[in-house]
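Asker: You'll find target-v5.cif just under this line, and it carries mmCIF, C-alpha atoms.
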data_upload
loop_
_atom_site.label_atom_id
_atom_site.label_comp_id
_atom_site.auth_asym_id
_atom_site.auth_seq_id
_atom_site.Cartn_x
_atom_site.Cartn_y
_atom_site.Cartn_z
CA MET A 168 88.60 88.70 119.22
CA ALA A 169 86.23 86.40 121.07
CA ALA A 170 83.80 86.39 118.17
CA SER A 171 86.48 85.44 115.66
CA PHE A 172 87.78 82.77 118.06
CA PHE A 173 84.37 81.11 118.21
CA GLY A 174 83.84 81.57 114.49
CA LYS A 175 87.08 79.81 113.60
CA THR A 176 86.56 77.10 116.21
CA GLY A 177 83.04 76.51 114.91
CA THR A 178 84.28 76.24 111.32
CA LEU A 179 86.94 73.72 112.26
CA TRP A 180 84.42 71.80 114.37
CA VAL A 181 82.01 71.48 111.45
CA ILE A 182 84.87 70.24 109.24
CA TRP A 183 85.83 67.74 111.97
CA LEU A 184 82.27 66.39 112.12
CA ALA A 185 81.95 66.23 108.33
CA LEU A 186 85.22 64.35 107.98
CA SER A 187 84.80 61.95 110.89
CA GLY A 188 81.20 61.14 109.95
CA SER A 189 80.37 60.05 113.48
CA TYR A 190 77.94 62.10 115.53
CA THR A 191 78.30 60.59 118.99
CA PHE A 192 78.47 62.92 121.95
CA ALA A 193 82.06 61.91 122.75
CA ASN A 194 83.22 62.65 119.20
CA MET A 195 81.55 66.07 119.26
CA VAL A 196 83.28 66.98 122.53
CA VAL A 197 86.68 65.78 121.31
CA GLY A 198 86.18 67.73 118.07
CA ALA A 199 85.32 70.92 119.92
CA VAL A 200 88.36 70.59 122.21
CA VAL A 201 90.71 69.90 119.30
CA ALA A 202 89.25 72.75 117.21
CA ALA A 203 89.59 75.21 120.09
CA GLY A 204 93.15 73.99 120.73
CA VAL A 205 94.14 74.49 117.10
CA VAL A 206 92.73 78.02 117.03
CA TRP A 207 94.41 78.80 120.36
CA ILE A 208 97.84 77.64 119.16
CA ASN A 209 97.51 79.08 115.66
CA PRO A 210 95.38 82.24 115.58
CA MET A 211 95.29 82.21 111.74
CA PRO A 212 95.24 85.92 110.86
CA ALA A 213 92.42 86.76 108.51
CA VAL A 214 93.80 87.25 105.00
CA ALA A 215 91.51 89.05 102.62
CA ALA A 216 91.64 86.86 99.52
CA PRO A 217 90.83 88.76 96.33
CA LEU A 218 87.88 86.52 95.52
CA SER A 219 85.83 88.00 92.76
CA TRP A 220 83.59 86.11 90.34
CA ARG A 221 86.07 86.86 87.62
CA THR A 222 88.88 85.20 89.59
CA LEU A 223 86.75 82.14 90.33
CA VAL A 224 85.57 81.68 86.75
CA ARG A 225 89.06 82.10 85.34
CA ALA A 226 90.46 79.73 87.97
CA LEU A 227 88.14 77.06 86.54
CA VAL A 228 90.05 77.43 83.28
CA TYR A 229 93.46 77.80 84.89
CA ILE A 230 93.33 74.77 87.20
CA PRO A 231 92.74 72.16 84.47
CA TRP A 232 95.49 73.80 82.39
CA LEU A 233 97.89 73.63 85.36
CA PHE A 234 96.89 70.01 85.91
CA GLY A 235 97.76 69.17 82.33
CA ARG A 236 101.14 70.84 82.76
CA MET A 237 101.69 68.87 85.96
CA VAL A 238 100.96 65.56 84.25
CA ALA A 239 103.26 66.39 81.34
CA SER A 240 106.15 67.44 83.56
CA SER A 241 105.62 64.46 85.89
CA ILE A 242 106.11 62.14 82.94
CA HIS A 243 109.18 64.13 81.88
CA MET A 244 110.55 63.91 85.44
CA ALA A 245 109.87 60.16 85.67
CA ARG A 246 111.73 59.68 82.40
CA LEU A 247 114.74 61.59 83.77
CA VAL A 248 114.82 59.54 86.97
CA LEU A 249 114.49 56.20 85.20
CA ASP A 250 117.07 57.00 82.52
CA PRO A 251 120.25 55.00 83.31
CA ARG A 252 122.40 58.02 82.34
CA LEU A 253 120.43 60.29 84.71
CA PRO A 254 120.52 63.21 82.23
CA ILE A 255 119.82 65.97 84.71
CA ASN A 256 121.40 69.41 84.59
CA PRO A 257 120.26 71.31 87.68
CA GLN A 258 120.29 75.08 87.45
CA VAL A 259 119.05 78.07 89.38
CA VAL A 260 117.21 80.66 87.32
CA ARG A 261 115.80 84.06 88.15
CA TYR A 262 112.41 84.85 86.76
CA THR A 263 111.28 88.46 86.86
CA PRO A 264 107.49 88.61 86.85
CA THR A 265 106.06 91.49 84.88
CA CYS A 266 102.76 91.54 86.72
CA ARG A 267 102.76 93.51 89.93
CA ASN A 268 100.03 91.68 91.79
CA ALA A 269 101.15 89.97 95.00
CA TRP A 270 98.46 87.29 94.73
CA ALA A 271 99.46 86.45 91.19
CA ILE A 272 103.07 86.06 92.32
CA VAL A 273 102.05 83.81 95.20
CA PHE A 274 100.01 81.71 92.76
CA MET A 275 102.97 81.55 90.41
CA ALA A 276 105.38 80.47 93.13
CA ASN A 277 102.95 77.77 94.22
CA SER A 278 102.27 76.55 90.68
CA VAL A 279 105.99 76.40 89.93
CA THR A 280 106.60 74.22 92.99
CA LEU A 281 103.59 72.06 92.20
CA THR A 282 105.05 71.30 88.78
CA PRO A 283 107.71 68.58 89.06
CA GLY A 284 110.99 69.78 87.60
CA THR A 285 110.84 73.27 89.06
CA VAL A 286 110.86 74.36 92.73
CA THR A 287 110.62 77.92 93.98
CA ILE A 288 113.57 78.68 96.26
CA HIS A 289 112.62 82.26 97.01
CA ALA A 290 109.81 84.53 95.95
CA ASP A 291 109.25 88.22 96.47
CA GLU A 292 107.57 91.00 94.54
CA HIS A 293 110.56 91.49 92.23
CA GLU A 294 111.72 88.00 91.30
CA LEU A 295 111.27 84.28 91.65
CA LEU A 296 114.40 82.26 92.35
CA VAL A 297 113.71 78.83 90.91
CA HIS A 298 115.67 75.59 90.94
CA ALA A 299 115.11 73.61 87.75
CA ILE A 300 116.15 70.02 87.14
CA ASP A 301 117.15 70.49 83.49
CA GLU A 302 117.14 72.99 80.63
CA GLU A 303 113.72 71.94 79.44
CA SER A 304 112.07 72.75 82.79
CA ALA A 305 114.00 76.03 83.07
CA ASP A 306 113.12 77.10 79.53
CA ASP A 307 109.48 76.28 80.13
CA LEU A 308 109.43 78.62 83.13
CA MET A 309 111.41 81.39 81.44
CA SER A 310 109.08 81.34 78.42
CA GLY A 311 106.61 83.18 80.67
CA ARG A 312 103.67 81.00 79.66
CA LEU A 313 102.74 80.40 83.28
CA GLU A 314 102.52 84.10 84.00
CA GLN A 315 100.40 84.72 80.92
CA LYS A 316 97.90 82.21 82.29
CA ILE A 317 97.93 83.52 85.86
CA ALA A 318 97.97 87.28 85.33
CA PRO A 319 94.37 87.46 83.98
CA LEU A 320 93.10 85.78 87.17
CA PHE A 321 93.76 88.92 89.17
CA SER A 322 93.12 92.53 88.34
CA SER A 323 96.57 94.11 88.21
CA PRO A 324 96.92 97.25 90.36
CA PRO A 325 96.57 98.18 93.14
CA ILE A 326 98.63 95.57 94.90
CA VAL A 327 99.32 95.33 98.59
CA THR A 328 102.71 93.97 99.53
CA ALA A 329 104.24 93.34 102.94
CA ASN A 330 105.40 96.96 102.80
CA GLY A 331 101.99 98.39 102.11
CA PRO A 332 100.30 99.48 98.88
CA ARG A 333 102.56 99.88 95.91
CA PRO A 334 102.43 103.34 94.31
CA MET B 100 84.67 48.37 83.32
CA VAL B 101 85.00 50.50 86.43
CA GLU B 102 87.33 47.90 87.90
CA MET B 103 89.57 48.17 84.86
CA VAL B 104 89.84 51.95 85.24
CA VAL B 105 90.43 51.59 88.99
CA SER B 106 93.23 49.06 88.44
CA VAL B 107 94.92 51.21 85.80
CA LEU B 108 94.72 54.28 88.04
CA MET B 109 96.06 52.49 91.10
CA VAL B 110 98.88 50.74 89.28
CA SER B 111 100.03 54.00 87.66
CA GLY B 112 99.76 55.73 91.04
CA LEU B 113 102.02 53.08 92.57
CA PHE B 114 104.35 53.35 89.57
CA PHE B 115 104.84 57.10 90.07
CA MET B 116 105.35 56.64 93.81
CA SER B 117 108.05 54.03 93.10
CA VAL B 118 109.70 56.37 90.60
CA ALA B 119 109.72 59.08 93.28
CA ALA B 120 111.39 56.67 95.71
CA ILE B 121 114.00 55.72 93.10
CA GLY B 122 114.57 59.42 92.43
CA MET B 123 115.16 60.04 96.13
CA ILE B 124 118.04 57.55 95.98
CA ARG B 125 119.50 58.44 92.59
CA LEU B 126 119.36 62.25 92.59
CA PRO B 127 122.39 64.08 93.99
CA ASP B 128 121.11 66.67 96.49
CA VAL B 129 118.14 68.03 98.41
CA PHE B 130 117.17 70.45 95.61
CA ALA B 131 117.02 67.76 92.94
CA ARG B 132 115.27 65.34 95.29
CA ALA B 133 112.50 67.84 95.93
CA HIS B 134 111.51 67.46 92.27
CA ALA B 135 111.23 63.69 92.63
CA VAL B 136 109.07 64.08 95.73
CA GLY B 137 106.77 66.26 93.65
CA LEU B 138 105.87 63.16 91.66
CA THR B 139 104.22 61.52 94.66
CA ASP B 140 101.59 64.21 95.12
CA THR B 141 100.95 65.28 91.54
CA LEU B 142 100.42 61.93 89.86
CA GLY B 143 101.07 59.33 92.57
CA ALA B 144 98.52 60.47 95.12
CA PHE B 145 96.14 61.72 92.45
CA CYS B 146 95.93 58.38 90.64
CA LEU B 147 95.70 56.36 93.86
CA LEU B 148 93.04 58.56 95.44
CA THR B 149 90.88 58.93 92.31
CA GLY B 150 91.11 55.17 91.89
CA LEU B 151 89.94 54.76 95.46
CA ALA B 152 87.12 57.27 94.97
CA LEU B 153 85.89 55.44 91.85
CA TYR B 154 86.13 52.10 93.63
CA GLU B 155 84.05 53.38 96.54
CA GLY B 156 81.41 54.85 94.26
CA TRP B 157 79.44 57.90 95.39
CA SER B 158 79.48 57.98 99.17
CA ALA B 159 80.61 60.18 102.02
CA HIS B 160 84.07 58.71 101.52
CA THR B 161 84.31 60.26 98.06
CA LEU B 162 83.97 63.72 99.57
CA ARG B 163 86.67 62.95 102.13
CA ILE B 164 89.02 61.66 99.46
CA LEU B 165 88.48 64.83 97.44
CA ILE B 166 89.22 66.97 100.51
CA VAL B 167 92.42 65.00 101.17
CA LEU B 168 93.45 65.53 97.54
CA LEU B 169 92.72 69.26 97.72
CA LEU B 170 94.72 69.60 100.95
CA LEU B 171 97.62 67.66 99.41
CA TYR B 172 97.75 70.05 96.47
CA VAL B 173 97.82 73.07 98.75
CA ILE B 174 100.12 71.76 101.48
CA ASN B 175 102.67 69.79 99.47
CA PRO B 176 104.17 72.71 97.52
CA VAL B 177 104.33 74.70 100.73
CA ILE B 178 106.35 71.97 102.45
CA ALA B 179 108.61 71.49 99.41
CA HIS B 180 109.20 75.24 99.24
CA ALA B 181 109.88 75.46 103.00
CA THR B 182 112.46 72.66 102.81
CA ILE B 183 114.21 74.14 99.77
CA ARG B 184 114.16 77.66 101.18
CA ALA B 185 115.64 76.42 104.46
CA ALA B 186 118.41 74.59 102.57
CA HIS B 187 119.11 77.73 100.52
CA ARG B 188 119.14 80.05 103.54
CA SER B 189 121.48 77.78 105.49
CA GLY B 190 124.00 78.27 102.68
CA LEU B 191 123.66 74.99 100.81
CA ARG B 192 124.46 75.42 97.10
CA PRO B 193 122.76 73.21 94.53
CA TRP B 194 124.69 70.38 92.95
CA MET B 195 125.70 71.36 89.41
CA LYS B 196 126.84 69.24 86.52
CA GLU B 197 130.60 69.37 86.02
CA PRO B 198 131.39 71.55 83.00
CA SER B 199 132.54 69.10 80.35
#
Go ahead and render the structure in this file as structure tokens.
Answerer:
Amino acid sequence: MAASFFGKTGTLWVIWLALSGSYTFANMVVGAVVAAGVVWINPMPAVAAPLSWRTLVRALVYIPWLFGRMVASSIHMARLVLDPRLPINPQVVRYTPTCRNAWAIVFMANSVTLTPGTVTIHADEHELLVHAIDEESADDLMSGRLEQKIAPLFSSPPIVTANGPRP
Amino acid sequence: MVEMVVSVLMVSGLFFMSVAAIGMIRLPDVFARAHAVGLTDTLGAFCLLTGLALYEGWSAHTLRILIVLLLLYVINPVIAHATIRAAHRSGLRPWMKEPS
């Protein structure tokens, strides 16, 4: 407990110093107090991220792809907003992911929200409830292209959900 | 040359932020507005901050700008999702187009 407290505080303190770029004594003390306060208020449970080399290398391919999707849908969204007729057709769709990896589903939910035009309302291991601004955004999600790109980032089973390992 | 790129980036960043503001006013409910807000972080903040990073050249500021950008991309969807989920859980139903 104590060791992890100091470890987390130290990490935050180093980030504080790197970001503030000033190394006066006063700034170091303030940084240490703030870092300790943040760790004290928010203990930040350690989450074991499934970081393998495979995941990292494939993320280098996935992130630029996602960025391209974000730019394309941003332009689509801007066009909708600026259109005098406001041709939106909001809808709520249920997407059932076929992959059974909790991390992949978290990544999917996050990517969906990051893409303008679709926002994740609810996500669990069985479905994503997504609000889409028009048919085009909804169809794009339901085509399953996003999942095809994300699934290879993570090895599929075994997955650990909030209820423990899935059989 | 660099100044040209910086200007283009910053102007398009401001453009997308303005579109997001217009969307906040024009769109009907909290669910639809969340999409418009997404424009500010994806293209708005990205264009503005990369423009700033290019303008500054390679310095300690560049690193800070990149960290801000990275944090934005992680935190913004979380906040959007939290807002939408709260609206959904409190029983708000999304605005739907009248069947014509």
Asker: Which chain A residues are at most 6 Å from chain B (counting all atoms listed in the file), as a PyMOL selection string?
Answerer: chain A and resi 241+248+256-257+280-281+283-284+288
Asker: What is the distance, in Å and to one decimal place, between CA of Val105 in chain B and CA of Leu227 in chain A?
Answerer: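 Taking CA of Val105 in chain B as the start and CA of Leu227 in chain A as the end point, the length is 25.7 Å.
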Asker: How many Å separate CA of Ser310 in chain A from CA of Leu295 in chain A?
Answerer: 13.7 Å
Asker: Using the chain letters and numbers from the file, which residues does the PyMOL selection byres ((chain B and resi 147) around 8) grab, as a PyMOL selection string?
Answerer: chain B and resi 108-113+143-146+148-151
Asker: Got a sec: who's within 9 Å of Asp301 in chain A, counting all atoms listed in the file, leaving out chain neighbours fewer than 3 positions off, as a PyMOL selection string?
Answerer: chain A and resi 254-258+284-285+304-306
Asker: Which is closer to Trp207 in chain A than all the others in A:Thr287, A:Thr263, A:Thr282, A:Thr176, using all atoms listed in the file?
Answerer: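 The answer is A:Thr176, which sits nearest to Trp207 in chain A.
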Asker: Any chance you could work out the axis-aligned box around range 132-140 of chain B, listed atoms only, 3 Å on each side, giving centre and edge lengths in Å to one decimal, as JSON?
Answerer:
{"center_x": 108.4, "center_y": 64.7, "center_z": 93.8, "size_x": 19.7, "size_y": 12.3, "size_z": 10.3}
Asker: Could you check how far CA of Glu292 in chain A sits from CA of Trp232 in chain A, in Å to one decimal?
Answerer: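 Distance reported for this atom pair: 24.3 Å.
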Asker: Residues near Glu294 in chain A, anyone? I mean within 7 Å using all atoms listed in the file, not counting same-chain ones fewer than 5 positions away, as a PyMOL selection string.
Answerer: chain A and resi 261-264
Asker: Would you please work out which residue, of A:His243, A:Asn277, A:Ser189, A:Phe321, is nearest to Ser219 in chain A when using all atoms listed in the file?
Answerer: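 Answer, going by the shortest atom-to-atom distance: A:Phe321.
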Asker: Could you tell me which residues the PyMOL selection byres ((chain A and resi 182) around 12) returns for this structure, as an NGL selection string?
Answerer: (:A and (175-181 or 183-189 or 195 or 198-199 or 201-202)) or (:B and (162-163 or 166))
Asker: Determine the nearest neighbour of Ala245 in chain A from the options A:Ile300, A:Ala170, A:Val200, A:Ala318, counting all atoms listed in the file.
Answerer: A:Ile300
Asker: From the set A:Met237, A:Ala203, A:Ile208, A:Ile317, which residue has the shortest atom-to-atom contact distance to Phe274 in chain A, counting all atoms listed in the file?
Answerer: A:Ile317
Asker: Please determine, counting all atoms listed in the file, which residue among A:Leu296, A:Val205, A:Val196, A:Leu223 has the shortest atom-to-atom distance to Ile272 in chain A.
Answerer: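 Using all atoms listed in the file, the shortest distance to Ile272 in chain A belongs to A:Leu296.
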Asker: Can we get range 134-178 of chain B of that structure written down with N, CA and C atoms, as a CSV table (one decimal), in the first residue's frame?
Answerer:
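Contents of the output file decode_11.csv:
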chain,number,residue,atom,x,y,z
B,134,HIS,N,-22.8,14.9,-30.4
B,134,HIS,CA,-22.1,14.7,-31.6
B,134,HIS,C,-21.4,16.0,-32.0
B,135,ALA,N,-22.1,17.1,-31.9
B,135,ALA,CA,-21.5,18.4,-32.3
B,135,ALA,C,-20.3,18.7,-31.5
B,136,VAL,N,-20.4,18.4,-30.2
B,136,VAL,CA,-19.2,18.7,-29.3
B,136,VAL,C,-18.0,17.9,-29.7
B,137,GLY,N,-18.3,16.7,-30.2
B,137,GLY,CA,-17.2,15.8,-30.7
B,137,GLY,C,-16.3,16.5,-31.7
B,138,LEU,N,-16.9,17.4,-32.5
B,138,LEU,CA,-16.1,18.1,-33.5
B,138,LEU,C,-15.0,19.0,-32.9
B,139,THR,N,-15.3,19.5,-31.7
B,139,THR,CA,-14.2,20.4,-31.1
B,139,THR,C,-13.0,19.6,-30.8
B,140,ASP,N,-13.1,18.4,-30.3
B,140,ASP,CA,-11.8,17.7,-29.9
B,140,ASP,C,-11.2,17.0,-31.1
B,141,THR,N,-12.0,16.4,-32.0
B,141,THR,CA,-11.4,15.6,-33.0
B,141,THR,C,-10.7,16.6,-34.0
B,142,LEU,N,-11.4,17.5,-34.6
B,142,LEU,CA,-10.7,18.3,-35.6
B,142,LEU,C,-10.3,19.7,-35.1
B,143,GLY,N,-11.2,20.3,-34.3
B,143,GLY,CA,-11.0,21.6,-33.7
B,143,GLY,C,-9.7,21.7,-33.0
B,144,ALA,N,-9.6,21.0,-31.9
B,144,ALA,CA,-8.5,21.0,-31.0
B,144,ALA,C,-7.2,20.5,-31.7
B,145,PHE,N,-7.4,19.4,-32.5
B,145,PHE,CA,-6.3,18.9,-33.2
B,145,PHE,C,-5.6,19.9,-34.2
B,146,CYS,N,-6.4,20.6,-35.0
B,146,CYS,CA,-5.9,21.5,-35.9
B,146,CYS,C,-5.2,22.7,-35.2
B,147,LEU,N,-5.9,23.2,-34.2
B,147,LEU,CA,-5.4,24.3,-33.4
B,147,LEU,C,-4.0,24.0,-32.8
B,148,LEU,N,-4.0,22.8,-32.1
B,148,LEU,CA,-2.8,22.5,-31.3
B,148,LEU,C,-1.7,22.1,-32.2
B,149,THR,N,-2.0,21.3,-33.3
B,149,THR,CA,-0.8,21.0,-34.2
B,149,THR,C,-0.3,22.3,-34.9
B,150,GLY,N,-1.2,23.2,-35.2
B,150,GLY,CA,-0.8,24.5,-35.7
B,150,GLY,C,0.2,25.2,-34.7
B,151,LEU,N,-0.2,25.2,-33.5
B,151,LEU,CA,0.6,25.8,-32.4
B,151,LEU,C,1.9,25.1,-32.3
B,152,ALA,N,1.9,23.8,-32.4
B,152,ALA,CA,3.2,23.0,-32.2
B,152,ALA,C,4.1,23.4,-33.4
B,153,LEU,N,3.6,23.4,-34.6
B,153,LEU,CA,4.4,23.8,-35.7
B,153,LEU,C,5.0,25.2,-35.6
B,154,TYR,N,4.1,26.1,-35.1
B,154,TYR,CA,4.5,27.5,-35.0
B,154,TYR,C,5.7,27.6,-34.0
B,155,GLU,N,5.6,26.9,-32.9
B,155,GLU,CA,6.6,26.9,-31.8
B,155,GLU,C,7.9,26.3,-32.3
B,156,GLY,N,7.8,25.4,-33.3
B,156,GLY,CA,9.0,24.6,-33.6
B,156,GLY,C,9.3,23.6,-32.6
B,157,TRP,N,10.5,22.9,-32.7
B,157,TRP,CA,10.8,21.9,-31.7
B,157,TRP,C,11.2,22.5,-30.4
B,158,SER,N,10.4,22.4,-29.4
B,158,SER,CA,10.9,22.9,-28.1
B,158,SER,C,10.1,22.0,-27.0
B,159,ALA,N,10.3,22.4,-25.8
B,159,ALA,CA,9.7,21.7,-24.7
B,159,ALA,C,8.2,21.9,-24.8
B,160,HIS,N,7.8,23.0,-25.4
B,160,HIS,CA,6.3,23.2,-25.6
B,160,HIS,C,5.7,22.2,-26.5
B,161,THR,N,6.4,21.8,-27.5
B,161,THR,CA,5.8,20.8,-28.4
B,161,THR,C,5.4,19.5,-27.7
B,162,LEU,N,6.2,19.1,-26.8
B,162,LEU,CA,5.9,17.9,-26.0
B,162,LEU,C,4.7,18.1,-25.2
B,163,ARG,N,4.6,19.3,-24.6
B,163,ARG,CA,3.4,19.6,-23.7
B,163,ARG,C,2.1,19.6,-24.6
B,164,ILE,N,2.2,20.2,-25.8
B,164,ILE,CA,1.1,20.3,-26.6
B,164,ILE,C,0.6,18.9,-27.0
B,165,LEU,N,1.6,18.0,-27.3
B,165,LEU,CA,1.3,16.6,-27.7
B,165,LEU,C,0.6,15.9,-26.5
B,166,ILE,N,1.1,16.2,-25.3
B,166,ILE,CA,0.5,15.5,-24.1
B,166,ILE,C,-1.0,16.0,-23.9
B,167,VAL,N,-1.2,17.3,-24.1
B,167,VAL,CA,-2.5,17.9,-24.0
B,167,VAL,C,-3.4,17.2,-25.0
B,168,LEU,N,-2.9,17.0,-26.2
B,168,LEU,CA,-3.7,16.4,-27.3
B,168,LEU,C,-4.1,15.0,-27.0
B,169,LEU,N,-3.1,14.3,-26.5
B,169,LEU,CA,-3.3,12.9,-26.1
B,169,LEU,C,-4.4,12.8,-25.0
B,170,LEU,N,-4.2,13.6,-24.0
B,170,LEU,CA,-5.2,13.6,-22.9
B,170,LEU,C,-6.6,13.9,-23.4
B,171,LEU,N,-6.7,14.9,-24.3
B,171,LEU,CA,-8.0,15.3,-24.9
B,171,LEU,C,-8.7,14.1,-25.5
B,172,TYR,N,-7.9,13.3,-26.3
B,172,TYR,CA,-8.4,12.2,-27.0
B,172,TYR,C,-8.8,11.1,-26.1
B,173,VAL,N,-8.2,11.0,-24.9
B,173,VAL,CA,-8.7,10.0,-24.0
B,173,VAL,C,-9.8,10.5,-23.1
B,174,ILE,N,-9.8,11.7,-22.6
B,174,ILE,CA,-10.7,12.2,-21.7
B,174,ILE,C,-12.1,12.6,-22.3
B,175,ASN,N,-12.0,13.2,-23.5
B,175,ASN,CA,-13.2,13.7,-24.1
B,175,ASN,C,-14.3,12.7,-24.4
B,176,PRO,N,-13.9,11.5,-25.0
B,176,PRO,CA,-15.0,10.5,-25.2
B,176,PRO,C,-15.6,10.0,-23.8
B,177,VAL,N,-14.7,10.0,-22.8
B,177,VAL,CA,-15.2,9.5,-21.5
B,177,VAL,C,-16.3,10.5,-21.0
B,178,ILE,N,-16.0,11.8,-21.1
B,178,ILE,CA,-16.9,12.8,-20.6
B,178,ILE,C,-18.2,12.8,-21.4
